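Asks: Supplied structure: input_4.txt, compact mmCIF, C-alpha atoms and all ligand atoms.
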# COMPACT_ATOMS: atom_id res chain seq x y z
CA MET V 549 107.63 194.20 33.21
CA ARG V 550 106.77 197.90 33.32
CA ILE V 551 103.21 199.08 33.85
CA VAL V 552 102.17 202.66 33.16
CA SER V 553 98.84 204.04 34.31
CA THR V 554 96.89 206.56 32.21
CA LEU V 555 96.70 208.72 35.34
CA THR V 556 99.95 210.37 36.41
CA ARG V 557 101.29 210.17 39.97
CA ASP V 558 100.43 213.85 40.45
CA GLU V 559 96.87 213.36 39.21
CA ILE V 560 96.37 210.41 41.56
CA ALA V 561 97.86 212.36 44.51
CA GLY V 562 95.53 215.28 43.68
CA GLN V 563 92.47 213.05 43.69
CA ILE V 564 93.55 211.37 46.94
CA CYS V 565 93.81 214.81 48.60
CA GLU V 566 90.43 215.85 47.23
CA LEU V 567 88.86 212.72 48.74
CA ILE V 568 90.56 212.92 52.14
CA ASN V 569 89.92 216.67 52.49
CA LYS V 570 86.26 216.33 51.61
CA TYR V 571 85.21 213.17 53.44
CA ASN V 572 87.63 212.23 56.22
CA GLY V 573 86.87 215.20 58.45
CA TRP V 574 90.42 216.27 59.26
CA ALA V 575 90.93 219.87 60.31
CA ARG V 576 94.24 220.11 58.44
CA ARG V 577 94.26 220.14 54.65
CA PHE V 578 96.29 217.72 52.58
CA THR V 579 98.09 218.76 49.40
CA PRO V 580 99.81 216.53 46.81
CA ALA V 581 103.17 218.03 47.81
CA ARG V 582 102.54 217.20 51.45
CA LEU V 583 101.40 213.68 50.61
CA LYS V 584 104.42 213.03 48.44
CA ALA V 585 106.77 214.13 51.23
CA THR V 586 105.47 211.38 53.56
CA ASP V 587 106.43 207.71 53.67
CA THR V 588 102.78 206.65 53.59
CA THR V 589 101.77 204.00 51.04
CA TYR V 590 98.44 204.74 49.37
CA VAL V 591 96.51 201.84 47.85
CA VAL V 592 94.03 203.08 45.26
CA GLU V 593 91.14 201.55 43.36
CA LEU V 594 90.71 203.18 39.96
CA VAL V 595 87.48 203.26 37.98
CA GLY V 596 88.08 204.89 34.61
CA ASN V 597 90.08 208.04 35.27
CA LYS V 598 88.78 208.36 38.82
CA VAL V 599 90.29 207.29 42.10
CA ALA V 600 87.18 205.51 43.40
CA GLY V 601 88.75 204.69 46.73
CA VAL V 602 91.95 205.05 48.71
CA GLY V 603 93.49 203.55 51.83
CA GLY V 604 96.77 204.67 53.39
CA MET V 605 99.26 202.74 55.50
CA ARG V 606 102.31 203.99 57.42
CA LYS V 607 104.87 201.89 59.26
CA LEU V 608 105.22 203.23 62.81
CA SER V 609 107.80 200.70 64.07
CA ASN V 610 108.95 197.15 63.41
CA ALA V 611 105.83 196.00 65.27
CA GLN V 612 103.06 198.32 64.10
CA THR V 613 101.62 199.89 60.95
CA GLU V 614 98.86 202.47 61.02
CA PHE V 615 96.03 202.12 58.50
CA MET V 616 94.52 205.50 57.77
CA HIS V 617 92.92 207.81 55.18
CA LEU V 618 90.42 205.19 54.06
CA CYS V 619 87.89 206.81 51.77
CA VAL V 620 85.57 205.74 48.96
CA ARG V 621 83.79 208.20 46.66
CA PRO V 622 80.09 208.34 47.61
CA GLU V 623 78.94 207.04 44.20
CA PHE V 624 81.12 203.92 44.60
CA ARG V 625 80.21 203.07 48.21
CA ARG V 626 78.71 199.75 49.32
CA LEU V 627 80.37 197.93 46.41
CA GLY V 628 83.08 196.28 48.48
CA ILE V 629 85.86 198.75 47.57
CA ALA V 630 86.86 199.54 51.18
CA ASN V 631 86.96 195.82 51.83
CA LEU V 632 89.27 195.30 48.82
CA LEU V 633 91.53 198.15 49.94
CA SER V 634 91.79 196.65 53.43
CA LYS V 635 92.62 193.21 52.03
CA LYS V 636 95.32 194.70 49.81
CA ARG V 637 96.82 196.64 52.71
CA LEU V 638 96.91 193.48 54.82
CA CYS V 639 98.80 191.72 52.00
CA LEU V 640 101.32 194.58 51.97
CA LEU V 641 101.64 194.65 55.77
CA GLU V 642 105.26 194.18 56.88
CA THR V 643 104.63 194.31 60.64
CA PRO V 644 102.80 191.79 62.86
CA ILE V 645 100.21 194.36 63.94
CA ALA V 646 98.01 196.88 62.09
CA LEU V 647 96.15 199.59 63.96
CA SER V 648 93.71 202.35 63.14
CA TYR V 649 91.83 205.11 64.93
CA ILE V 650 88.12 205.63 64.26
CA ARG V 651 85.60 208.03 65.75
CA SER V 652 82.89 206.29 67.75
CA ASP V 653 80.20 207.97 65.60
CA ASN V 654 81.60 206.65 62.30
CA ILE V 655 79.46 203.50 62.00
CA PRO V 656 80.35 202.60 58.35
CA SER V 657 84.05 202.73 59.17
CA ILE V 658 83.67 200.82 62.45
CA ASN V 659 81.70 198.07 60.69
CA ASN V 660 84.19 197.95 57.86
CA SER V 661 87.06 197.68 60.31
CA ILE V 662 85.42 194.82 62.20
CA LYS V 663 84.67 193.09 58.90
CA SER V 664 88.37 193.33 58.09
CA GLY V 665 89.21 191.48 61.31
CA PHE V 666 90.08 194.47 63.52
CA VAL V 667 89.13 194.60 67.21
CA PRO V 668 88.45 197.76 69.25
CA ILE V 669 90.76 197.73 72.25
CA LYS V 670 90.57 201.28 73.63
CA ALA V 671 88.38 204.37 73.66
CA ASP V 672 89.80 207.82 74.32
CA TYR V 673 87.35 210.59 75.01
CA LYS V 674 87.81 213.76 72.95
CA LYS V 675 86.16 216.97 74.10
CA GLY V 676 85.66 218.70 70.74
CA GLY V 677 83.40 217.56 67.93
CA TYR V 678 79.79 216.50 67.89
CA ASN V 679 78.67 212.95 68.67
CA ILE V 680 75.77 212.06 66.38
CA LEU V 681 74.83 209.10 68.60
CA THR V 682 74.40 211.05 71.81
CA SER V 683 73.65 214.51 70.31
CA LYS V 684 76.27 215.88 72.67
CA ARG V 685 79.61 217.49 72.13
CA GLY V 686 82.51 215.15 72.42
CA TYR V 687 83.13 211.68 71.08
CA SER V 688 85.45 208.77 71.66
CA LEU V 689 88.33 207.88 69.42
CA LEU V 690 88.48 204.10 69.19
CA THR V 691 91.76 202.26 68.69
CA PHE V 692 91.36 199.17 66.54
CA ILE V 693 94.06 196.55 66.08
CA ARG V 694 94.55 193.30 64.25
CA PHE V 695 97.33 190.79 63.76
CA LYS V 696 98.50 190.05 60.25
CA ASN V 697 98.57 186.37 61.14
CA GLU V 698 95.03 184.97 60.97
CA GLY V 699 95.58 182.45 63.81
CA SER V 700 96.85 185.09 66.26
CA ASN V 701 94.02 187.37 65.18
CA THR V 702 91.33 184.79 65.87
CA THR V 703 92.75 184.42 69.39
CA LEU V 704 92.75 188.21 69.84
CA ARG V 705 89.15 188.50 68.69
CA ASN V 706 88.03 185.71 71.01
CA VAL V 707 89.81 187.22 74.00
CA PHE V 708 88.25 190.62 73.42
CA LYS V 709 84.83 189.15 72.75
CA GLU V 710 85.01 187.52 76.15
CA ILE V 711 86.28 190.64 77.91
CA LEU V 712 83.56 192.79 76.37
CA HIS V 713 80.90 190.09 76.86
CA GLY V 714 80.24 189.96 73.15
CA THR V 715 79.73 193.71 72.87
CA LEU V 716 82.46 194.54 70.44
CA PHE V 717 81.71 198.22 69.97
CA ILE V 718 79.41 201.28 70.05
CA GLY V 719 77.26 200.97 73.17
CA SER V 720 80.02 200.74 75.68
CA TYR V 721 82.30 203.12 73.80
CA SER V 722 80.25 206.02 72.55
CA THR V 723 80.25 207.95 75.81
CA VAL V 724 82.34 208.01 78.93
C1 LIG V 801 83.82 203.81 55.45
C2 LIG V 801 83.91 203.70 53.94
C3 LIG V 801 85.38 203.79 53.53
C4 LIG V 801 83.32 202.33 53.50
O1 LIG V 801 83.55 202.17 52.10
P1 LIG V 801 82.70 201.15 51.18
O2 LIG V 801 83.50 200.89 49.95
O3 LIG V 801 81.34 201.68 51.01
O4 LIG V 801 82.67 199.85 52.09
P2 LIG V 801 82.40 198.36 51.55
O5 LIG V 801 81.38 198.37 50.49
O6 LIG V 801 83.71 197.72 51.24
O7 LIG V 801 81.76 197.69 52.83
C5 LIG V 801 82.53 196.91 53.72
C6 LIG V 801 81.80 196.81 55.05
O8 LIG V 801 81.80 198.09 55.70
C7 LIG V 801 80.58 198.26 56.43
N1 LIG V 801 79.83 199.41 55.88
C8 LIG V 801 80.14 200.14 54.78
N2 LIG V 801 79.26 201.15 54.62
C9 LIG V 801 78.38 201.06 55.65
C10 LIG V 801 77.24 201.84 56.04
N3 LIG V 801 76.84 202.90 55.33
N4 LIG V 801 76.60 201.48 57.17
C11 LIG V 801 76.99 200.43 57.90
N5 LIG V 801 78.06 199.64 57.57
C12 LIG V 801 78.75 199.96 56.46
C13 LIG V 801 79.79 196.97 56.24
O9 LIG V 801 80.16 196.09 57.29
C14 LIG V 801 80.32 196.45 54.93
O10 LIG V 801 80.16 195.06 54.78
P3 LIG V 801 78.79 194.49 54.14
O11 LIG V 801 78.59 195.24 52.86
O12 LIG V 801 79.08 193.04 53.97
O13 LIG V 801 77.72 194.80 55.14
C15 LIG V 801 83.08 204.82 53.25
O14 LIG V 801 81.78 204.86 53.82
C16 LIG V 801 83.70 206.21 53.34
O15 LIG V 801 84.52 206.59 52.50
N6 LIG V 801 83.32 206.98 54.37
C17 LIG V 801 83.82 208.39 54.51
C18 LIG V 801 85.26 208.46 54.91
C19 LIG V 801 85.53 207.80 56.25
O16 LIG V 801 84.77 207.96 57.19
N7 LIG V 801 86.65 207.06 56.30
C20 LIG V 801 87.09 206.38 57.49
C21 LIG V 801 87.86 207.30 58.38
S1 LIG V 801 88.40 206.41 59.82
Output the file's structure in the form of structure tokens.
Ligand SMILES: CC(C)(COP(=O)(O)OP(=O)(O)OC[C@H]1O[C@@H](n2cnc3c(N)ncnc32)[C@H](O)[C@@H]1OP(=O)(O)O)[C@@H](O)C(=O)NCCC(=O)NCCS
Replies:
Amino acid sequence: MRIVSTLTRDEIAGQICELINKYNGWARRFTPARLKATDTTYVVELVGNKVAGVGGMRKLSNAQTEFMHLCVRPEFRRLGIANLLSKKRLCLLETPIALSYIRSDNIPSINNSIKSGFVPIKADYKKGGYNILTSKRGYSLLTFIRFKNEGSNTTLRNVFKEILHGTLFIGSYSTV
């Protein structure tokens, strides 16, 4: 079977860059050429001729894959698209562990990550940037991980719940 989309690869790459550059807050700019030169897999949700949402994944080693560049167009948010993109990426996951990095002031993304079974395991303080929770400069970059295997992941979640006394995120992480 051969399936051809009405949007070309270049058009999709262009829209992915537009989304990431506008909403993901990276200092460096992404171009279609740059994207195409990477070995990142981008899962996209199309609505008409628009990329409504995108989620990237990049294998770091035989053990870990990084989930990144998750973004949904504002007009399509809160419709479950990020959730779908995360589920699809978990299906495609070839390593036992997935990880992602999220700023401690990005509540939608933190909630979405937790909903997708991820657990925050580490907070690294970054000097630059503005923390909307504390109104101070600086924020923490949270490392989230999850196991592909549901059984192992339930154990991981329970262990961390106990360690953090049920406080899975925000309060204890937003400042240092
Ligand atoms: C984060 C983002 C991808 C969520 O996309 P979305 O399609 O709206 O998310 P979904 O509708 O699939 O929601 C899934 C879960 O995420 C959480 N969530 C999403 N938006 C939220 C919001 N505004 N506030 C709080 N929680 C939110 C909820 O837990 C939600 O589950 P629920 O609807 O059952 O409560 C989207 O807000 C976005 O593109 N933000 C800008 C880019 C960005 O910050 N990307 C992440 C970089 S690490």
Asks: Work out how far apart atom P3 of ligand LIG 801 (chain V) and CA of Ser688 (chain V) are and give it in Å to one decimal.
Replies: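 The value is 23.6 Å.
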Asks: Using all atoms listed in the file, I'd like a table of the residues in chain V that come within 8 Å of ligand LIG 801 (chain V); for each, show the closest atom pair and its distance in Å rounded to one decimal, ordered by chain and ascending number, as a tab-separated table.
Replies:
residue	atom	partner	partner_atom	distance
V:Ile568	CA	V:LIG801	C18	7.5
V:Tyr571	CA	V:LIG801	C18	4.9
V:Asn572	CA	V:LIG801	C18	4.6
V:Gly573	CA	V:LIG801	O16	7.6
V:Gly601	CA	V:LIG801	O2	7.2
V:Met616	CA	V:LIG801	S1	6.5
V:His617	CA	V:LIG801	C21	6.0
V:Leu618	CA	V:LIG801	N7	4.8
V:Cys619	CA	V:LIG801	O15	3.5
V:Val620	CA	V:LIG801	O15	3.8
V:Arg621	CA	V:LIG801	O15	6.1
V:Pro622	CA	V:LIG801	O15	6.8
V:Phe624	CA	V:LIG801	O2	6.6
V:Arg625	CA	V:LIG801	O3	3.3
V:Arg626	CA	V:LIG801	O5	3.2
V:Leu627	CA	V:LIG801	O5	4.2
V:Gly628	CA	V:LIG801	O6	3.2
V:Ile629	CA	V:LIG801	O2	4.0
V:Ala630	CA	V:LIG801	O6	3.6
V:Asn631	CA	V:LIG801	O6	3.8
V:Leu632	CA	V:LIG801	O6	6.5
V:Leu633	CA	V:LIG801	O6	7.9
V:Ser648	CA	V:LIG801	S1	7.5
V:Tyr649	CA	V:LIG801	S1	6.3
V:Ile650	CA	V:LIG801	S1	4.5
V:Arg651	CA	V:LIG801	S1	6.8
V:Asn654	CA	V:LIG801	O16	6.2
V:Ile655	CA	V:LIG801	C11	5.7
V:Pro656	CA	V:LIG801	C12	3.6
V:Ser657	CA	V:LIG801	C1	3.9
V:Ile658	CA	V:LIG801	C7	7.2
V:Asn659	CA	V:LIG801	O9	4.2
V:Asn660	CA	V:LIG801	O8	3.2
V:Ser661	CA	V:LIG801	O8	7.0
V:Ile662	CA	V:LIG801	O9	7.3
V:Lys663	CA	V:LIG801	O9	5.7
Asks: Keeping only C-alpha atoms, write the selected residues as a PDB file, in the coordinates of the input.
Replies:
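Result went into selection23.pdb, see below:
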ATOM      1  CA  ILE V 568      90.560 212.920  52.140  1.00  0.00           C
ATOM      2  CA  TYR V 571      85.210 213.170  53.440  1.00  0.00           C
ATOM      3  CA  ASN V 572      87.630 212.230  56.220  1.00  0.00           C
ATOM      4  CA  GLY V 573      86.870 215.200  58.450  1.00  0.00           C
ATOM      5  CA  GLY V 601      88.750 204.690  46.730  1.00  0.00           C
ATOM      6  CA  MET V 616      94.520 205.500  57.770  1.00  0.00           C
ATOM      7  CA  HIS V 617      92.920 207.810  55.180  1.00  0.00           C
ATOM      8  CA  LEU V 618      90.420 205.190  54.060  1.00  0.00           C
ATOM      9  CA  CYS V 619      87.890 206.810  51.770  1.00  0.00           C
ATOM     10  CA  VAL V 620      85.570 205.740  48.960  1.00  0.00           C
ATOM     11  CA  ARG V 621      83.790 208.200  46.660  1.00  0.00           C
ATOM     12  CA  PRO V 622      80.090 208.340  47.610  1.00  0.00           C
ATOM     13  CA  PHE V 624      81.120 203.920  44.600  1.00  0.00           C
ATOM     14  CA  ARG V 625      80.210 203.070  48.210  1.00  0.00           C
ATOM     15  CA  ARG V 626      78.710 199.750  49.320  1.00  0.00           C
ATOM     16  CA  LEU V 627      80.370 197.930  46.410  1.00  0.00           C
ATOM     17  CA  GLY V 628      83.080 196.280  48.480  1.00  0.00           C
ATOM     18  CA  ILE V 629      85.860 198.750  47.570  1.00  0.00           C
ATOM     19  CA  ALA V 630      86.860 199.540  51.180  1.00  0.00           C
ATOM     20  CA  ASN V 631      86.960 195.820  51.830  1.00  0.00           C
ATOM     21  CA  LEU V 632      89.270 195.300  48.820  1.00  0.00           C
ATOM     22  CA  LEU V 633      91.530 198.150  49.940  1.00  0.00           C
ATOM     23  CA  SER V 648      93.710 202.350  63.140  1.00  0.00           C
ATOM     24  CA  TYR V 649      91.830 205.110  64.930  1.00  0.00           C
ATOM     25  CA  ILE V 650      88.120 205.630  64.260  1.00  0.00           C
ATOM     26  CA  ARG V 651      85.600 208.030  65.750  1.00  0.00           C
ATOM     27  CA  ASN V 654      81.600 206.650  62.300  1.00  0.00           C
ATOM     28  CA  ILE V 655      79.460 203.500  62.000  1.00  0.00           C
ATOM     29  CA  PRO V 656      80.350 202.600  58.350  1.00  0.00           C
ATOM     30  CA  SER V 657      84.050 202.730  59.170  1.00  0.00           C
ATOM     31  CA  ILE V 658      83.670 200.820  62.450  1.00  0.00           C
ATOM     32  CA  ASN V 659      81.700 198.070  60.690  1.00  0.00           C
ATOM     33  CA  ASN V 660      84.190 197.950  57.860  1.00  0.00           C
ATOM     34  CA  SER V 661      87.060 197.680  60.310  1.00  0.00           C
ATOM     35  CA  ILE V 662      85.420 194.820  62.200  1.00  0.00           C
ATOM     36  CA  LYS V 663      84.670 193.090  58.900  1.00  0.00           C
TER      37      LYS V 663
END
Asks: List the spatial neighbours of Glu642 (chain V) as a JSON list (two decimals) with C-alpha atoms, in the frame of the given file - criterion: any atom at most 9 Å away, all atoms listed in the file, same-chain residues fewer than 4 positions off excluded.
Replies:
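Wrote it out as around.json, contents follow:
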[["chain", "number", "residue", "atom", "x", "y", "z"],
["V", 607, "LYS", "CA", 104.87, 201.89, 59.26],
["V", 610, "ASN", "CA", 108.95, 197.15, 63.41],
["V", 611, "ALA", "CA", 105.83, 196.00, 65.27],
["V", 612, "GLN", "CA", 103.06, 198.32, 64.10],
["V", 613, "THR", "CA", 101.62, 199.89, 60.95],
["V", 638, "LEU", "CA", 96.91, 193.48, 54.82],
["V", 696, "LYS", "CA", 98.50, 190.05, 60.25]]
Asks: Do you have the CA of Leu608 (chain V)-CA of Thr589 (chain V) distance handy?
Replies: 12.3 Å
Asks: If we draw a sphere of 9 Å around (97.3, 197.3, 52.1), which residues have at least one atom in it when counting all atoms listed in the file? Please report them as a PyMOL selection string.
Replies: chain V and resi 589-591+603-605+615+632-641
Asks: State, in Å with one decimal place, the distance from CA of Asn569 (chain V) to CA of Val599 (chain V).
Replies: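 Atom-to-atom, CA of Asn569 (chain V) to CA of Val599 (chain V), that is 14.0 Å.
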Asks: Quick one: residues within 8 Å of Phe578 (chain V), only C-alpha atoms counted, chain neighbours fewer than 2 positions away excluded, as a VMD selection string?
Replies: chain V and resid 565 568 to 569 576 580 582 to 583
